[in-house]
Structure formats: C-alpha cells, structure tokens
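Before any comments, here is the structure.
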Amino acid sequence: MSKQFEKKTIFITGAAKGQGRGVALAFAKEGANIIAFDLGEKITYPSYNKSSNEDLEKLKQDVLAAGGKIEIFTGDVRNAEDIKYAVENGVKSFGSIDILFSNAGICAYGASHELTEEEWDAMIDINLKGSWLTSKHVIPYLIKQKKGVIIYNSSVGGLRGMNRISHYAASKHGLVGLTKSQAIELAPYNIRVISIHPTGVNTPMNDGLAEMEGMTPIEIAERSAGNLLPVPWIEVEDVADSVLFLASEKARFITGSQYVLDAGLLTR
Ligand SMILES: NC(=O)c1ccc[n+]([C@@H]2O[C@H](COP(=O)([O-])OP(=O)(O)OC[C@H]3O[C@@H](n4cnc5c(N)ncnc54)[C@H](O)[C@@H]3O)[C@@H](O)[C@H]2O)c1
C-alpha cells in the first residue's frame with residue numbers, strides 16, 4: 001500500500017526532541033524524507049536542557065530503523081547561515097522541500113517588567129524571527145515548484161494572554177500575523193500557510209518549565225493550561241496527527257488559519 005507522503009520532503013526545526021521529533025517519526029512512517037534541524041551547541045536561556053547532537057543522532061537512528069530517510073543538521077534558527085546550509089544540503093539530498101514544520105521554540109517565566117532585554121530578545125529571536133528566517137530560506141523552493149505547505153507551531157499563548165510569559169505570548173501572537181500575511185502572499189503559488197495552537201504538550205519543554213518553578217510536570221501543565229477536557233496535557237502524537245492532516249491534500253483549502261488543539265482551553 002502506498003504511503004501518504006511518499007516522495008515528499010519535510011523540513012523540521014526543533015526536530016530532536018518533543019513535538020518536532022514526534023512529527024518527524026510520524027512523517028517518516030508515512031514515507032516522507034525528513035530534513036531535521038536542531039541545536040548542536042548548548043544555549044544558556046532558558047536554563048532547562050535543550051537538545052544535543054546525541055538527541056538528533058538518536059532521531060536519525062530511529063527513523064532509519066523504521067525504514068525512513070533522514071538528513072540531520074545542527075544549528076540555531078537565529079543564524080541565517082545555519083538555516084541556509086541545512087535547506088540547500090537537504091534539497092541536494094532529496095531534490096525538494098514540500099512541507100516546512102517551523103517548530104523550534106523556547107519558553108520561560110518572568111513578569112514582563114522584570115524580564116531583561118536579553119531574555120526578551122532571545123524569546124522573540126528564536127520563536128518569531130527564527131521562524132520567519134527559516135521560511136525565508138524555504139519559500140523560494142516552494143515557489144519554484146508552485147506547491148507547498150508551511151505550518152508554524154504557535155501555542156494557545158498565540159491567541160490569549162498568559163501570566164508571567166508575556167514575551168512568549170508576544171512571540172507566538174507574532175506567528176499569527178506572519179501566517180496570515182504569508183498566506184496572502186503565497187496563495188498565488190499554491191502554497192498554504194497555517195499556524196497550530198496546542199495547549200500544554202507532554203514534552204521536555206514542559207519538564208523544563210516545571211523544574212524552573214519547582215513543580216511537577218503535571219502540576220505545571222494543569223496550572224498553565226486549564227483544559228476543558230479532563231487531561232493535563234496532550235501528547236506529541238496528537239500534534240503529529242494534526243500536522244499530518246494539515247499537510248495533506250485533505251486540507252487543500254485550509255490556509256491562513258489558526259488550527260487549535262487545545263482540549264477546549266480557549267472556550268473558557
Ligand atoms: N510543550 C508545550 O506545552 C507547548 C505547547 C504549545 C506550543 N509549544 C511550542 O511547540 C514547539 C515545540 O516545543 P516542544 O514542546 O516540543 O519543546 P521541546 O523543548 O521539547 O523541543 C523544542 C526543540 O526546539 C529546539 N530549539 C530551541 N531553540 C532552538 C534554536 N535556537 N535553534 C534550533 N532549535 C532550537 C530544542 O533544542 C528542542 O529540541 C515550540 O515552539 C513551543 O513553543 C509547546
């Protein structure tokens with residue numbers, strides 16, 4: 001039986017852990033070639049662990065073991081040269097890019113008047129500017145083939161205010177403006193652009209936030225989310241299923257939209 005994304009290539013930032021890893025494995029199972037991008041060196045803010053070369057290498061081994069195809073690249077989404085290198089060499093290996101899952105991100109607490117300029121800049125530069133920078137280098141390939149899908153991983157924090165994470169919420173609201181504007185610019189080229197808005201997801205980021213607050217991961221998820229459905233968080237597989245759908249032909253008329261996976265949170 002042919003697989004849904006056979007001969008398609010997806011470029012994923014923040015691929016080594018959490019949702020990026022989950023999406024990479026799900027697309028590999030559906031036959032897609034994976035271009036995986038994540039940090040190779042430690043960054044200091046926020047204090048919790050981001051990914052390492054070993055995490056990316058582990059993803060590679062898992063994708064290969066499942067019969068998939070993958071190229072891994074280390075770098076920082078804030079660095080244009082790193083992104084350009086990964087995009088160009090990924091295309092050399094697989095011939096094209098069809099889908100961008102722009103997912104790399106950080107989160108940290110701090111009252112807005114107590115944040116340092118460095119903390120503000122790091123949040124906006126990774127979550128918002130890094131997403132734009134990645135798309136900037138992928139879009140010319142999508143335009144050339146007159147087809148493609150860009151999916152930004154925002155958050156429920158991209159659609160509402162959140163206590164003590166104003167810089168995060170601002171960066172994630174920014175992705176909504178980017179999504180809607182690029183949807184207008186790119187529709188003539190048959191390129192769709194969508195933002196997704198998950199509630200708390202059970203990933204190392206949630207563990208990191210819990211550690212920062214001296215709470216357990218479940219406590220942090222319940223405090224920051226407050227889902228309507230009786231779950232503290234959703235799983236990476238729930239996010240992956242949505243991304244599979246949004247990238248597929250079944251979603252061919254969805255563009256410019258904010259796709260909410262919030263277990264009812266935003267209804268309150
Ligand atoms: N976990 C949640 O509760 C939650 C909820 C909604 C949205 N999100 C968003 O989903 C996305 C993925 O988060 P996650 O939950 O999988 O977190 P995670 O921390 O498990 O994974 C994030 C990945 O991004 C990478 N990354 C961070 N900064 C980077 C940089 N400058 N350059 C390249 N890679 C970088 C990390 O190394 C890590 O592998 C983020 O944008 C996050 O804001 C998370």
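All residue names refer to the structure tokens as shown: chains lettered A, B, ... in order, residues numbered from 1 in each chain, ligands numbered from 1 in order.
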>> Let's see if you can do this: from backbone DSSP, list all strand (DSSP E or B) residues in region 72-106 of chain A, as an MDAnalysis selection string.
In response: chainID A and resid 72:74 99:102
Please write the residues from the selection above to a file, keeping C-alpha atoms, as a PDB file, in the first residue's frame.
ATOM      1  CA  ILE A  72      20.243  15.821  10.177  1.00  0.00           C
ATOM      2  CA  PHE A  73      21.694  19.327  10.524  1.00  0.00           C
ATOM      3  CA  THR A  74      22.805  21.199  13.615  1.00  0.00           C
ATOM      4  CA  ILE A  99       6.481  20.929   3.777  1.00  0.00           C
ATOM      5  CA  LEU A 100       8.013  23.174   6.432  1.00  0.00           C
ATOM      6  CA  PHE A 101       7.168  22.477  10.081  1.00  0.00           C
ATOM      7  CA  SER A 102       8.625  25.530  11.803  1.00  0.00           C
TER       8      SER A 102
END
> Once you count only C-alpha atoms and all ligand atoms, which residues end up within 7 Å of ligand 1, and could you hand them over as a PyMOL selection string?
Replying inline: chain A and resi 13-20+37-39+50-52+75-78+103-107+126-127+153-156+197-206
>> Restricting the calculation to only C-alpha atoms: of A:Lys144, A:Pro46, A:Ser93, A:Ala80, which residue gets closest to Trp120 (chain A)?
In response: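 Of the candidates, the smallest distance to Trp120 (chain A) is held by A:Pro46.
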>> Need the shell around region 157-164 of chain A: protein/DNA/RNA residues with any atom at most 8 Å away, counting only C-alpha atoms. Skip same-chain ones fewer than 6 positions apart. Format as a list in words?
In response: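 That gives Tyr109, Gly110, Ala111, Ser112, Ala170, Ser171, Lys172, His173, Gly174, Leu175, Val176, His197 and Leu266 of chain A.
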Selected residues written out, N, CA and C atoms, as a PDB file, in the first residue's frame:
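The result, stored in part_26.pdb:
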ATOM      1  N   TYR A 109       9.475  31.670  32.298  1.00  0.00           N
ATOM      2  CA  TYR A 109       8.631  32.584  33.078  1.00  0.00           C
ATOM      3  C   TYR A 109       9.356  33.869  33.434  1.00  0.00           C
ATOM      4  N   GLY A 110       8.588  34.897  33.744  1.00  0.00           N
ATOM      5  CA  GLY A 110       9.128  36.174  34.214  1.00  0.00           C
ATOM      6  C   GLY A 110       8.098  37.274  33.998  1.00  0.00           C
ATOM      7  N   ALA A 111       7.793  38.047  35.057  1.00  0.00           N
ATOM      8  CA  ALA A 111       6.870  39.181  34.897  1.00  0.00           C
ATOM      9  C   ALA A 111       7.465  40.141  33.872  1.00  0.00           C
ATOM     10  N   SER A 112       6.613  40.745  33.045  1.00  0.00           N
ATOM     11  CA  SER A 112       7.142  41.494  31.892  1.00  0.00           C
ATOM     12  C   SER A 112       8.069  42.625  32.320  1.00  0.00           C
ATOM     13  N   ALA A 170       3.839  37.116  23.215  1.00  0.00           N
ATOM     14  CA  ALA A 170       4.058  38.098  22.139  1.00  0.00           C
ATOM     15  C   ALA A 170       4.682  37.420  20.918  1.00  0.00           C
ATOM     16  N   SER A 171       5.668  36.534  21.162  1.00  0.00           N
ATOM     17  CA  SER A 171       6.317  35.854  20.025  1.00  0.00           C
ATOM     18  C   SER A 171       5.319  34.957  19.302  1.00  0.00           C
ATOM     19  N   LYS A 172       4.448  34.299  20.074  1.00  0.00           N
ATOM     20  CA  LYS A 172       3.502  33.353  19.468  1.00  0.00           C
ATOM     21  C   LYS A 172       2.343  34.080  18.777  1.00  0.00           C
ATOM     22  N   HIS A 173       1.916  35.256  19.314  1.00  0.00           N
ATOM     23  CA  HIS A 173       0.944  36.085  18.585  1.00  0.00           C
ATOM     24  C   HIS A 173       1.569  36.566  17.271  1.00  0.00           C
ATOM     25  N   GLY A 174       2.865  36.865  17.313  1.00  0.00           N
ATOM     26  CA  GLY A 174       3.555  37.323  16.098  1.00  0.00           C
ATOM     27  C   GLY A 174       3.452  36.300  14.975  1.00  0.00           C
ATOM     28  N   LEU A 175       3.481  35.020  15.339  1.00  0.00           N
ATOM     29  CA  LEU A 175       3.389  33.973  14.314  1.00  0.00           C
ATOM     30  C   LEU A 175       2.037  33.986  13.600  1.00  0.00           C
ATOM     31  N   VAL A 176       1.004  34.479  14.316  1.00  0.00           N
ATOM     32  CA  VAL A 176      -0.326  34.562  13.681  1.00  0.00           C
ATOM     33  C   VAL A 176      -0.286  35.610  12.569  1.00  0.00           C
ATOM     34  N   HIS A 197      -2.034  25.716  17.305  1.00  0.00           N
ATOM     35  CA  HIS A 197      -2.099  26.299  18.648  1.00  0.00           C
ATOM     36  C   HIS A 197      -2.414  25.219  19.690  1.00  0.00           C
ATOM     37  N   LEU A 266      -9.497  27.275  25.160  1.00  0.00           N
ATOM     38  CA  LEU A 266      -9.811  28.663  24.771  1.00  0.00           C
ATOM     39  C   LEU A 266     -11.321  28.962  24.836  1.00  0.00           C
TER      40      LEU A 266
END
> Nearest to Leu244 (chain A): which of A:Leu64, A:Ile151, A:Leu115, A:Ile70 is it, counting only C-alpha atoms?
Replying inline: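 Result for the nearest residue to Leu244 (chain A): A:Ile151.
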>> Could you check the closest approach to Gly68 (chain A) for each of A:Leu261, A:Ala32, A:Ile83, A:Leu133 and tell me which residue wins, using only C-alpha atoms?
In response: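 For Gly68 (chain A), the nearest of the given residues is A:Ala32.
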> With only C-alpha atoms as the basis for distance, which of A:Ile196, A:Val243, A:Ile254, A:Leu228 is at the shortest distance from Ile10 (chain A)?
Replying inline: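 Of all the options, A:Val243 lies closest to Ile10 (chain A).
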> Which value, in Å to one decimal, gives the distance between CA of Trp132 (chain A) and CA of Lys60 (chain A)?
Replying inline: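 Going from CA of Trp132 (chain A) over to CA of Lys60 (chain A) covers 25.7 Å.
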> By how many Å are CA of Arg21 (chain A) and CA of Gly264 (chain A) apart?
Replying inline: 24.9 Å
> Expressed in Å to a single decimal, how great is the separation between CA of Ile34 (chain A) and CA of Val91 (chain A)?
Replying inline: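 Result for CA of Ile34 (chain A) versus CA of Val91 (chain A): 10.7 Å, one decimal.
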Contact residues around Ile150 (chain A) with only C-alpha atoms at 10 Å, ignoring same-chain residues under 3 positions, as a compact mmCIF listing (two decimals) with C-alpha atoms, in the first residue's frame:
# COMPACT_ATOMS: atom_id res chain seq x y z
CA ILE A 10 9.50 17.80 5.23
CA PHE A 11 11.93 20.29 6.83
CA ASP A 98 7.38 20.19 0.15
CA ILE A 99 6.48 20.93 3.78
CA LEU A 100 8.01 23.17 6.43
CA PHE A 101 7.17 22.48 10.08
CA SER A 102 8.62 25.53 11.80
CA SER A 135 10.59 30.29 6.00
CA VAL A 138 12.49 27.53 2.29
CA ILE A 139 9.90 29.62 0.40
CA LEU A 142 8.18 26.08 -2.70
CA ASN A 153 3.95 25.82 15.82
CA THR A 179 0.86 33.14 8.99
CA GLN A 182 2.29 34.84 4.13
CA ALA A 183 -0.98 33.03 3.29
CA ILE A 191 1.38 27.46 -1.06
CA ARG A 192 -0.67 27.15 2.13
CA VAL A 193 0.37 28.66 5.46
CA ILE A 194 -1.18 27.63 8.80
CA SER A 195 -0.42 28.17 12.47
CA LEU A 246 -2.88 19.88 7.64
CA ALA A 247 -0.01 18.97 5.32
CA THR A 255 -4.75 28.40 4.58
For Ile220 (chain A), find every residue with an atom within 12 Å (counting only C-alpha atoms), except residues of its own chain fewer than 2 positions away, and show them as a short mmCIF file (atom, residue, chain, number, x, y, z; two decimals) with N, CA and C atoms, in the first residue's frame.
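Result went into result.cif, see below:
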data_model
loop_
_atom_site.label_atom_id
_atom_site.label_comp_id
_atom_site.auth_asym_id
_atom_site.auth_seq_id
_atom_site.Cartn_x
_atom_site.Cartn_y
_atom_site.Cartn_z
N TYR A 109 9.48 31.67 32.30
CA TYR A 109 8.63 32.58 33.08
C TYR A 109 9.36 33.87 33.43
N GLY A 200 -0.99 22.73 26.57
CA GLY A 200 0.22 22.10 27.09
C GLY A 200 0.44 20.73 26.43
N VAL A 201 1.69 20.47 26.05
CA VAL A 201 2.03 19.18 25.44
C VAL A 201 3.07 18.51 26.32
N ASN A 202 2.96 17.20 26.44
CA ASN A 202 3.85 16.42 27.30
C ASN A 202 5.21 16.25 26.62
N THR A 203 6.08 17.25 26.80
CA THR A 203 7.41 17.25 26.15
C THR A 203 8.46 17.70 27.15
N MET A 205 9.99 20.39 27.13
CA MET A 205 9.79 21.80 27.46
C MET A 205 8.94 21.93 28.73
N ASN A 206 7.88 21.12 28.79
CA ASN A 206 7.02 21.16 29.96
C ASN A 206 7.79 20.72 31.22
N ASP A 207 8.65 19.70 31.05
CA ASP A 207 9.50 19.26 32.17
C ASP A 207 10.42 20.40 32.61
N GLY A 208 10.97 21.12 31.62
CA GLY A 208 11.88 22.22 31.92
C GLY A 208 11.19 23.35 32.68
N LEU A 209 9.97 23.67 32.26
CA LEU A 209 9.22 24.73 32.95
C LEU A 209 8.89 24.31 34.38
N ALA A 210 8.55 23.03 34.55
CA ALA A 210 8.25 22.51 35.89
C ALA A 210 9.47 22.65 36.80
N GLU A 211 10.61 22.30 36.26
CA GLU A 211 11.87 22.39 37.00
C GLU A 211 12.13 23.84 37.44
N MET A 212 11.88 24.79 36.53
CA MET A 212 12.11 26.21 36.84
C MET A 212 11.21 26.69 37.97
N GLU A 213 9.99 26.12 38.05
CA GLU A 213 9.02 26.57 39.04
C GLU A 213 9.01 25.72 40.30
N GLY A 214 9.84 24.67 40.35
CA GLY A 214 9.86 23.76 41.49
C GLY A 214 8.55 22.99 41.62
N MET A 215 7.95 22.62 40.49
CA MET A 215 6.69 21.87 40.49
C MET A 215 6.88 20.58 39.68
N THR A 216 5.84 19.71 39.70
CA THR A 216 5.93 18.52 38.84
C THR A 216 5.41 18.90 37.44
N PRO A 217 5.81 18.12 36.43
CA PRO A 217 5.31 18.42 35.07
C PRO A 217 3.78 18.46 34.99
N ILE A 218 3.10 17.55 35.68
CA ILE A 218 1.62 17.56 35.62
C ILE A 218 1.08 18.83 36.27
N GLU A 222 -1.26 21.61 34.40
CA GLU A 222 -2.59 21.96 34.88
C GLU A 222 -2.70 23.44 35.20
N ARG A 223 -1.62 23.99 35.77
CA ARG A 223 -1.66 25.41 36.13
C ARG A 223 -1.70 26.30 34.89
N SER A 224 -0.84 25.98 33.91
CA SER A 224 -0.76 26.90 32.78
C SER A 224 -1.86 26.66 31.76
N ALA A 225 -2.45 25.47 31.75
CA ALA A 225 -3.45 25.20 30.72
C ALA A 225 -4.87 25.40 31.24
N GLY A 226 -5.36 24.51 32.08
CA GLY A 226 -6.76 24.60 32.50
C GLY A 226 -7.67 24.13 31.38
N PRO A 232 -4.38 16.72 31.66
CA PRO A 232 -3.44 17.79 32.00
C PRO A 232 -2.73 18.34 30.76
N TRP A 233 -2.56 17.48 29.76
CA TRP A 233 -1.83 17.86 28.55
C TRP A 233 -2.24 16.96 27.42
#
>> Under the rule that only C-alpha atoms are counted, which of A:Ser166, A:Asn227, A:Thr134, A:Gln258 is the nearest residue to Asn79 (chain A)?
In response: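 Ranking A:Ser166, A:Asn227, A:Thr134, A:Gln258 by distance to Asn79 (chain A), first place goes to A:Thr134.
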>> From a backbone DSSP assignment, name each residue in region 16-238 of chain A labelled alpha helix (DSSP H), as a VMD selection string.
In response: chain A and resid 18 to 29 53 to 65 80 to 94 117 to 124 130 to 145 166 to 186 204 to 213 217 to 224 236 to 238
>> Ranking A:Glu185, A:Ser96, A:Gln4, A:Asn53 by minimum distance to Glu249 (chain A) and counting only C-alpha atoms, which one comes first?
In response: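 Selected residue with least distance to Glu249 (chain A): A:Gln4.
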> Counting only C-alpha atoms, what is within 6 Å of Asn190 (chain A), bar same-chain residues fewer than 3 positions away, as a list in words?
Replying inline: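 Residues near the query, excluding close chain neighbours: Lys146, Lys147 and Ala187 of chain A.
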